[in-house]
Amino acid sequence: MLRDRLGRELKDIRISVTDRCNFRCFFCMPADGEVTFLHRKDLLTYEEIARVVRVLTPLGVRKARITGGEPLMRAHIENLIGMLAPVDGLRDIALTTNGYRLEEKVELLKTAGLNRLTVSLITLKPDRFKRMVGRNLSLEKVIRGIKSAKSMGLEPLKINTVVVRGANDDEILDIAEFCRENDLILRFIEFMDVGTLNGWNLDKVVPAREILSTLAKRYSFEELERKDSSETALRFRFRDTGQEFGIIASVTQPFCRGCSRLRLSADGKLFTCLFANDGFDVKELLRSGATDEELLSYIKDIWTEREDRYSELRFELRKDRGKRVEMFRVGG
Ligand code: SAM
Ligand code: SF4
Ligand code: SF4
């Protein structure tokens, strides 16, 4: 078992497979933000990603989440899932998507061995959707993607909803109802100050307690116990249906103490925190002929030296931070 300086075990890897996206969500990669995308040669290949994961499992990693950017934009993403599925020790392969290409991909993903899926859904209003994602795209296609994943039996199916004041906070009840009707596990997410492009400020954050008091106007629910210390969401159960929902309150109730997650960016850098300035270049090592033992020792050192807890220190650290990695690069 590998522990960092604050005693946290390494359990999960988040893999960003591309920094590209067909959406330009204003809270992540705004349409007017200046973004230079990676060249193909700079992306880790699926073989390289699978090798990193094979090195990570003896160190304790049990879960891998594929994300981005938009992971379904990378060609044949199901091939990566197929390569991860047989990795010894890896128990869970999950993927987070904006859902736009889900309908055409879901069967391939499932057949390749995907265990869990999360789809982001930020509004149920078609015109608002176009504004929020910064593109003239159809919300209906995302909804169809969610329904086809459900009908393929990809369970549990989770929905991520970032809540931003003045943008979609008036839809908390409607999105909750949609998830109840369609038997989806909803996670509301507080708007975070990731990257430097999204114009974050504290006034735009709808705190977990406010989300809960809005939900309490219509529903009765109770809080559930944490399954384990690395759980990021506060979890609740609707009393009438027994369905679960959660809130990821990383701004108002940070959970750094249980953070067991390493992140691998699309260009092969390891990040020990979502809010890091820079990562550790594992691609360089992979492409210069390092052995598995060398890779393992490099990653071991990175984790054992780790002491990140940005969300706990947010208000002290924010003022001295200029450079900061974007979420679509490091993987949300
Ligand atoms: N493109 C995929 C998607 O949107 O689901 C995967 C990558 S996205 C960066 C991963 C998750 O991060 C999504 O659920 C997204 O809503 C969330 N996210 C993006 N920007 C955020 C922000 N500023 N604060 C909180 N969550 C954010
Ligand atoms: Fe793309 Fe996901 Fe970021 Fe939206 S949140 S811009 S879908 S990567
Ligand atoms: Fe983990 Fe960094 Fe988020 Fe804290 S701020 S929970 S250390 S990723």
# chains A, B, ... in the order shown; residues from 1 in each chain; ligands from 1
>>> residues_near_ligand(ligand="ligand 3", cutoff="12 Å", atoms="only C-alpha atoms and all ligand atoms", output="mmCIF file with N, CA and C atoms, in the first residue's frame")
data_model
loop_
_atom_site.group_PDB
_atom_site.id
_atom_site.type_symbol
_atom_site.label_atom_id
_atom_site.label_comp_id
_atom_site.auth_asym_id
_atom_site.auth_seq_id
_atom_site.Cartn_x
_atom_site.Cartn_y
_atom_site.Cartn_z
ATOM 1 N N ASP A 4 0.847 8.798 0.637
ATOM 2 C CA ASP A 4 1.538 10.076 0.423
ATOM 3 C C ASP A 4 1.886 10.714 1.770
ATOM 4 N N ARG A 5 2.392 11.930 1.744
ATOM 5 C CA ARG A 5 2.842 12.562 2.993
ATOM 6 C C ARG A 5 1.717 12.818 3.987
ATOM 7 N N LEU A 6 0.489 12.850 3.464
ATOM 8 C CA LEU A 6 -0.645 13.068 4.366
ATOM 9 C C LEU A 6 -1.362 11.746 4.682
ATOM 10 N N ARG A 8 -2.456 9.443 2.561
ATOM 11 C CA ARG A 8 -3.516 9.021 1.635
ATOM 12 C C ARG A 8 -3.016 7.938 0.676
ATOM 13 N N GLU A 9 -3.842 6.904 0.545
ATOM 14 C CA GLU A 9 -3.469 5.805 -0.358
ATOM 15 C C GLU A 9 -3.717 6.186 -1.814
ATOM 16 N N LEU A 10 -2.943 5.562 -2.707
ATOM 17 C CA LEU A 10 -3.198 5.706 -4.138
ATOM 18 C C LEU A 10 -4.183 4.613 -4.561
ATOM 19 N N ASP A 12 -6.918 5.409 -7.340
ATOM 20 C CA ASP A 12 -7.593 5.655 -8.612
ATOM 21 C C ASP A 12 -6.678 6.356 -9.600
ATOM 22 N N ILE A 13 -6.945 6.108 -10.864
ATOM 23 C CA ILE A 13 -6.281 6.885 -11.920
ATOM 24 C C ILE A 13 -7.370 7.464 -12.826
ATOM 25 N N ARG A 14 -7.247 8.753 -13.118
ATOM 26 C CA ARG A 14 -8.123 9.408 -14.110
ATOM 27 C C ARG A 14 -7.288 9.650 -15.342
ATOM 28 N N MET A 192 -16.262 24.825 -9.888
ATOM 29 C CA MET A 192 -14.908 24.930 -9.332
ATOM 30 C C MET A 192 -14.040 25.917 -10.117
ATOM 31 N N ASP A 193 -13.020 26.388 -9.454
ATOM 32 C CA ASP A 193 -12.090 27.359 -10.034
ATOM 33 C C ASP A 193 -10.950 26.665 -10.771
ATOM 34 N N VAL A 194 -11.276 25.654 -11.562
ATOM 35 C CA VAL A 194 -10.238 24.959 -12.330
ATOM 36 C C VAL A 194 -9.754 25.844 -13.481
ATOM 37 N N SER A 229 -13.336 6.407 2.711
ATOM 38 C CA SER A 229 -12.775 7.741 2.961
ATOM 39 C C SER A 229 -12.468 8.498 1.663
ATOM 40 N N SER A 230 -12.333 7.763 0.539
ATOM 41 C CA SER A 230 -11.967 8.458 -0.696
ATOM 42 C C SER A 230 -13.197 8.891 -1.507
ATOM 43 N N GLU A 231 -14.366 8.702 -0.947
ATOM 44 C CA GLU A 231 -15.584 9.105 -1.660
ATOM 45 C C GLU A 231 -15.652 10.631 -1.791
ATOM 46 N N THR A 232 -15.926 11.105 -2.995
ATOM 47 C CA THR A 232 -15.922 12.560 -3.199
ATOM 48 C C THR A 232 -17.299 13.183 -2.969
ATOM 49 N N ALA A 233 -18.358 12.399 -3.111
ATOM 50 C CA ALA A 233 -19.703 12.986 -3.042
ATOM 51 C C ALA A 233 -20.330 12.809 -1.661
ATOM 52 N N ILE A 248 -21.145 16.987 -5.081
ATOM 53 C CA ILE A 248 -19.696 17.090 -4.974
ATOM 54 C C ILE A 248 -19.396 18.535 -4.594
ATOM 55 N N ALA A 249 -19.129 18.695 -3.301
ATOM 56 C CA ALA A 249 -19.046 20.048 -2.735
ATOM 57 C C ALA A 249 -17.592 20.449 -2.551
ATOM 58 N N SER A 250 -16.841 20.410 -3.646
ATOM 59 C CA SER A 250 -15.391 20.600 -3.485
ATOM 60 C C SER A 250 -15.021 22.020 -3.091
ATOM 61 N N VAL A 251 -15.940 22.973 -3.253
ATOM 62 C CA VAL A 251 -15.607 24.340 -2.850
ATOM 63 C C VAL A 251 -15.998 24.579 -1.388
ATOM 64 N N THR A 252 -17.225 24.207 -1.033
ATOM 65 C CA THR A 252 -17.675 24.558 0.320
ATOM 66 C C THR A 252 -17.403 23.466 1.357
ATOM 67 N N GLN A 253 -17.189 22.214 0.892
ATOM 68 C CA GLN A 253 -16.860 21.151 1.867
ATOM 69 C C GLN A 253 -15.784 20.254 1.265
ATOM 70 N N PRO A 254 -14.547 20.778 1.173
ATOM 71 C CA PRO A 254 -13.497 20.043 0.464
ATOM 72 C C PRO A 254 -13.192 18.672 1.075
ATOM 73 N N PHE A 255 -12.725 17.783 0.194
ATOM 74 C CA PHE A 255 -12.503 16.401 0.643
ATOM 75 C C PHE A 255 -11.072 15.958 0.353
ATOM 76 N N CYS A 256 -10.122 16.897 0.407
ATOM 77 C CA CYS A 256 -8.729 16.557 0.092
ATOM 78 C C CYS A 256 -8.195 15.431 0.979
ATOM 79 N N ARG A 257 -8.659 15.394 2.211
ATOM 80 C CA ARG A 257 -8.153 14.384 3.147
ATOM 81 C C ARG A 257 -8.319 12.952 2.630
ATOM 82 N N GLY A 258 -9.341 12.740 1.785
ATOM 83 C CA GLY A 258 -9.558 11.389 1.276
ATOM 84 C C GLY A 258 -9.143 11.255 -0.185
ATOM 85 N N CYS A 259 -8.390 12.206 -0.702
ATOM 86 C CA CYS A 259 -8.124 12.213 -2.158
ATOM 87 C C CYS A 259 -7.069 11.168 -2.533
ATOM 88 N N SER A 260 -7.514 10.143 -3.238
ATOM 89 C CA SER A 260 -6.663 8.991 -3.518
ATOM 90 C C SER A 260 -6.375 8.873 -5.015
ATOM 91 N N ARG A 261 -6.408 10.006 -5.687
ATOM 92 C CA ARG A 261 -6.486 10.003 -7.146
ATOM 93 C C ARG A 261 -5.264 10.611 -7.822
ATOM 94 N N LEU A 262 -4.771 9.883 -8.807
ATOM 95 C CA LEU A 262 -3.700 10.404 -9.651
ATOM 96 C C LEU A 262 -4.326 10.691 -11.007
ATOM 97 N N ARG A 263 -3.796 11.689 -11.709
ATOM 98 C CA ARG A 263 -4.363 12.022 -13.019
ATOM 99 C C ARG A 263 -3.280 11.938 -14.081
ATOM 100 N N PHE A 271 -0.445 14.181 -12.780
ATOM 101 C CA PHE A 271 -0.788 15.282 -11.876
ATOM 102 C C PHE A 271 -1.302 14.689 -10.567
ATOM 103 N N THR A 272 -0.822 15.246 -9.470
ATOM 104 C CA THR A 272 -1.279 14.742 -8.172
ATOM 105 C C THR A 272 -2.432 15.578 -7.626
ATOM 106 N N CYS A 273 -2.839 16.612 -8.363
ATOM 107 C CA CYS A 273 -3.978 17.435 -7.935
ATOM 108 C C CYS A 273 -4.577 18.116 -9.157
ATOM 109 N N LEU A 274 -5.882 18.262 -9.139
ATOM 110 C CA LEU A 274 -6.603 18.936 -10.229
ATOM 111 C C LEU A 274 -6.172 20.400 -10.366
ATOM 112 N N PHE A 275 -5.631 20.931 -9.307
ATOM 113 C CA PHE A 275 -5.291 22.356 -9.309
ATOM 114 C C PHE A 275 -3.778 22.580 -9.401
ATOM 115 N N ALA A 276 -3.058 21.562 -9.839
ATOM 116 C CA ALA A 276 -1.595 21.688 -9.918
ATOM 117 C C ALA A 276 -1.198 22.642 -11.042
ATOM 118 N N ASN A 277 -0.004 23.208 -10.921
ATOM 119 C CA ASN A 277 0.530 24.055 -11.993
ATOM 120 C C ASN A 277 1.082 23.198 -13.115
ATOM 121 N N TRP A 303 4.147 9.844 -5.731
ATOM 122 C CA TRP A 303 3.033 9.730 -4.776
ATOM 123 C C TRP A 303 3.527 9.927 -3.335
ATOM 124 N N ARG A 306 3.810 13.474 -2.321
ATOM 125 C CA ARG A 306 2.628 14.315 -2.546
ATOM 126 C C ARG A 306 2.082 14.910 -1.242
ATOM 127 N N GLU A 307 1.773 16.193 -1.308
ATOM 128 C CA GLU A 307 1.107 16.795 -0.142
ATOM 129 C C GLU A 307 0.032 17.800 -0.558
ATOM 130 N N ASP A 308 -0.506 17.631 -1.778
ATOM 131 C CA ASP A 308 -1.515 18.586 -2.282
ATOM 132 C C ASP A 308 -2.789 18.556 -1.449
ATOM 133 N N ARG A 309 -3.369 19.722 -1.241
ATOM 134 C CA ARG A 309 -4.725 19.819 -0.663
ATOM 135 C C ARG A 309 -5.285 21.191 -1.018
ATOM 136 N N TYR A 310 -5.278 21.444 -2.321
ATOM 137 C CA TYR A 310 -5.659 22.769 -2.804
ATOM 138 C C TYR A 310 -7.022 23.231 -2.292
ATOM 139 N N SER A 311 -8.035 22.344 -2.385
ATOM 140 C CA SER A 311 -9.393 22.801 -2.034
ATOM 141 C C SER A 311 -9.489 23.219 -0.574
ATOM 142 N N GLU A 312 -8.683 22.594 0.268
ATOM 143 C CA GLU A 312 -8.702 22.995 1.683
ATOM 144 C C GLU A 312 -8.030 24.350 1.887
ATOM 145 N N LEU A 313 -7.097 24.665 0.983
ATOM 146 C CA LEU A 313 -6.317 25.907 1.161
ATOM 147 C C LEU A 313 -6.715 26.972 0.153
ATOM 148 N N ARG A 314 -7.797 26.685 -0.618
ATOM 149 C CA ARG A 314 -8.185 27.509 -1.772
ATOM 150 C C ARG A 314 -8.031 29.010 -1.541
ATOM 151 N N PHE A 315 -8.577 29.481 -0.446
ATOM 152 C CA PHE A 315 -8.649 30.934 -0.315
ATOM 153 C C PHE A 315 -7.306 31.547 0.079
ATOM 154 N N LEU A 317 -4.444 30.114 -1.257
ATOM 155 C CA LEU A 317 -3.595 29.873 -2.423
ATOM 156 C C LEU A 317 -4.010 30.668 -3.656
ATOM 157 N N ARG A 318 -5.280 30.980 -3.787
ATOM 158 C CA ARG A 318 -5.768 31.582 -5.031
ATOM 159 C C ARG A 318 -5.008 32.826 -5.436
ATOM 160 N N VAL A 325 -3.265 24.342 -14.609
ATOM 161 C CA VAL A 325 -3.673 23.444 -15.684
ATOM 162 C C VAL A 325 -5.189 23.524 -15.905
ATOM 163 N N MET A 327 -8.915 21.998 -16.860
ATOM 164 C CA MET A 327 -9.563 20.720 -16.565
ATOM 165 C C MET A 327 -9.648 19.821 -17.800
ATOM 166 N N VAL A 330 -6.315 17.953 -18.055
ATOM 167 C CA VAL A 330 -5.893 16.991 -17.032
ATOM 168 C C VAL A 330 -6.980 15.954 -16.749
ATOM 169 N N GLY A 331 -8.207 16.241 -17.191
ATOM 170 C CA GLY A 331 -9.275 15.266 -17.009
ATOM 171 C C GLY A 331 -10.098 15.572 -15.777
ATOM 172 N N GLY A 332 -11.394 15.853 -16.012
ATOM 173 C CA GLY A 332 -12.265 16.226 -14.897
ATOM 174 C C GLY A 332 -12.752 14.988 -14.155
#
>>> closest_atom_pairs(of="chain A", to="ligand 1", cutoff="6 Å", atoms="only C-alpha atoms and all ligand atoms", output="CSV")
residue,atom,partner,partner_atom_place_in_ligand_line,distance
A:Phe27,CA,ligand 1,23 (N),4.7
A:Cys28,CA,ligand 1,20 (N),4.0
A:Thr67,CA,ligand 1,6 (C),4.8
A:Gly68,CA,ligand 1,7 (C),4.4
A:Gly69,CA,ligand 1,1 (N),4.8
A:Glu70,CA,ligand 1,1 (N),3.8
A:Thr96,CA,ligand 1,5 (O),4.8
A:Thr97,CA,ligand 1,5 (O),3.8
A:Asn98,CA,ligand 1,3 (C),4.1
A:Val119,CA,ligand 1,5 (O),5.6
A:Ser120,CA,ligand 1,5 (O),4.5
A:Asn160,CA,ligand 1,14 (O),4.8
A:Val162,CA,ligand 1,16 (O),5.2
A:Ile189,CA,ligand 1,25 (C),5.8
A:Glu190,CA,ligand 1,25 (C),5.8
A:Phe191,CA,ligand 1,24 (N),3.9
A:Met192,CA,ligand 1,24 (N),3.7
A:Asp193,CA,ligand 1,23 (N),5.7
A:Val194,CA,ligand 1,23 (N),5.4
A:Met327,CA,ligand 1,9 (C),5.3
A:Phe328,CA,ligand 1,9 (C),4.8
A:Gly331,CA,ligand 1,9 (C),5.5
A:Gly332,CA,ligand 1,10 (C),3.8
>>> closest_residue(among="A:Val53, A:Leu212, A:Leu121, A:Cys179", to="ligand 2", atoms="only C-alpha atoms and all ligand atoms")
A:Leu121
>>> select_by_dssp(residues="stretch 43-195 of chain A", states="strand (DSSP E)", output="MDAnalysis selection string")
chainID A and resid 63:67 92:97 116:120 157:163 185:190
>>> closest_residue(among="A:Arg54, A:Arg180, A:Arg40, A:Arg235", to="A:Leu296", atoms="only C-alpha atoms")
A:Arg54
>>> select_by_dssp(residues="stretch 44-166 of chain A", states="alpha helix (DSSP H)", output="ChimeraX atom specification")
/A:46-56,77-84,102-112,126-133,139-151
>>> closest_residue(among="A:Arg65, A:Arg218, A:Arg3, A:Arg128", to="A:Val17", atoms="only C-alpha atoms")
A:Arg65
>>> atom_distance(atom1="atom CA of A:Asn201", atom2="atom CA of A:Val164")
10.3 Å
>>> residues_around(residues="stretch 19-24 of chain A", least_positions_apart="3", cutoff="10 Å", atoms="only C-alpha atoms", output="ChimeraX atom specification")
/A:16,27-33,35-38,43,67-74,98,100-101,130-137,265-267,326-331
>>> closest_residue(among="A:Leu95, A:Asp42, A:Ser220, A:Ile81", to="ligand 2", atoms="only C-alpha atoms and all ligand atoms")
A:Leu95
>>> residues_around(residues="stretch 288-295 of chain A", least_positions_apart="3", cutoff="10 Å", atoms="only C-alpha atoms", output="list of chain:residue names")
A:Arg51, A:Val52, A:Arg54, A:Val55, A:Leu56, A:Val282, A:Lys283, A:Glu284, A:Leu285, A:Tyr298, A:Ile299, A:Lys300
>>> atom_distance(atom1="atom CA of A:Ile77", atom2="atom CA of A:Lys41")
16.7 Å
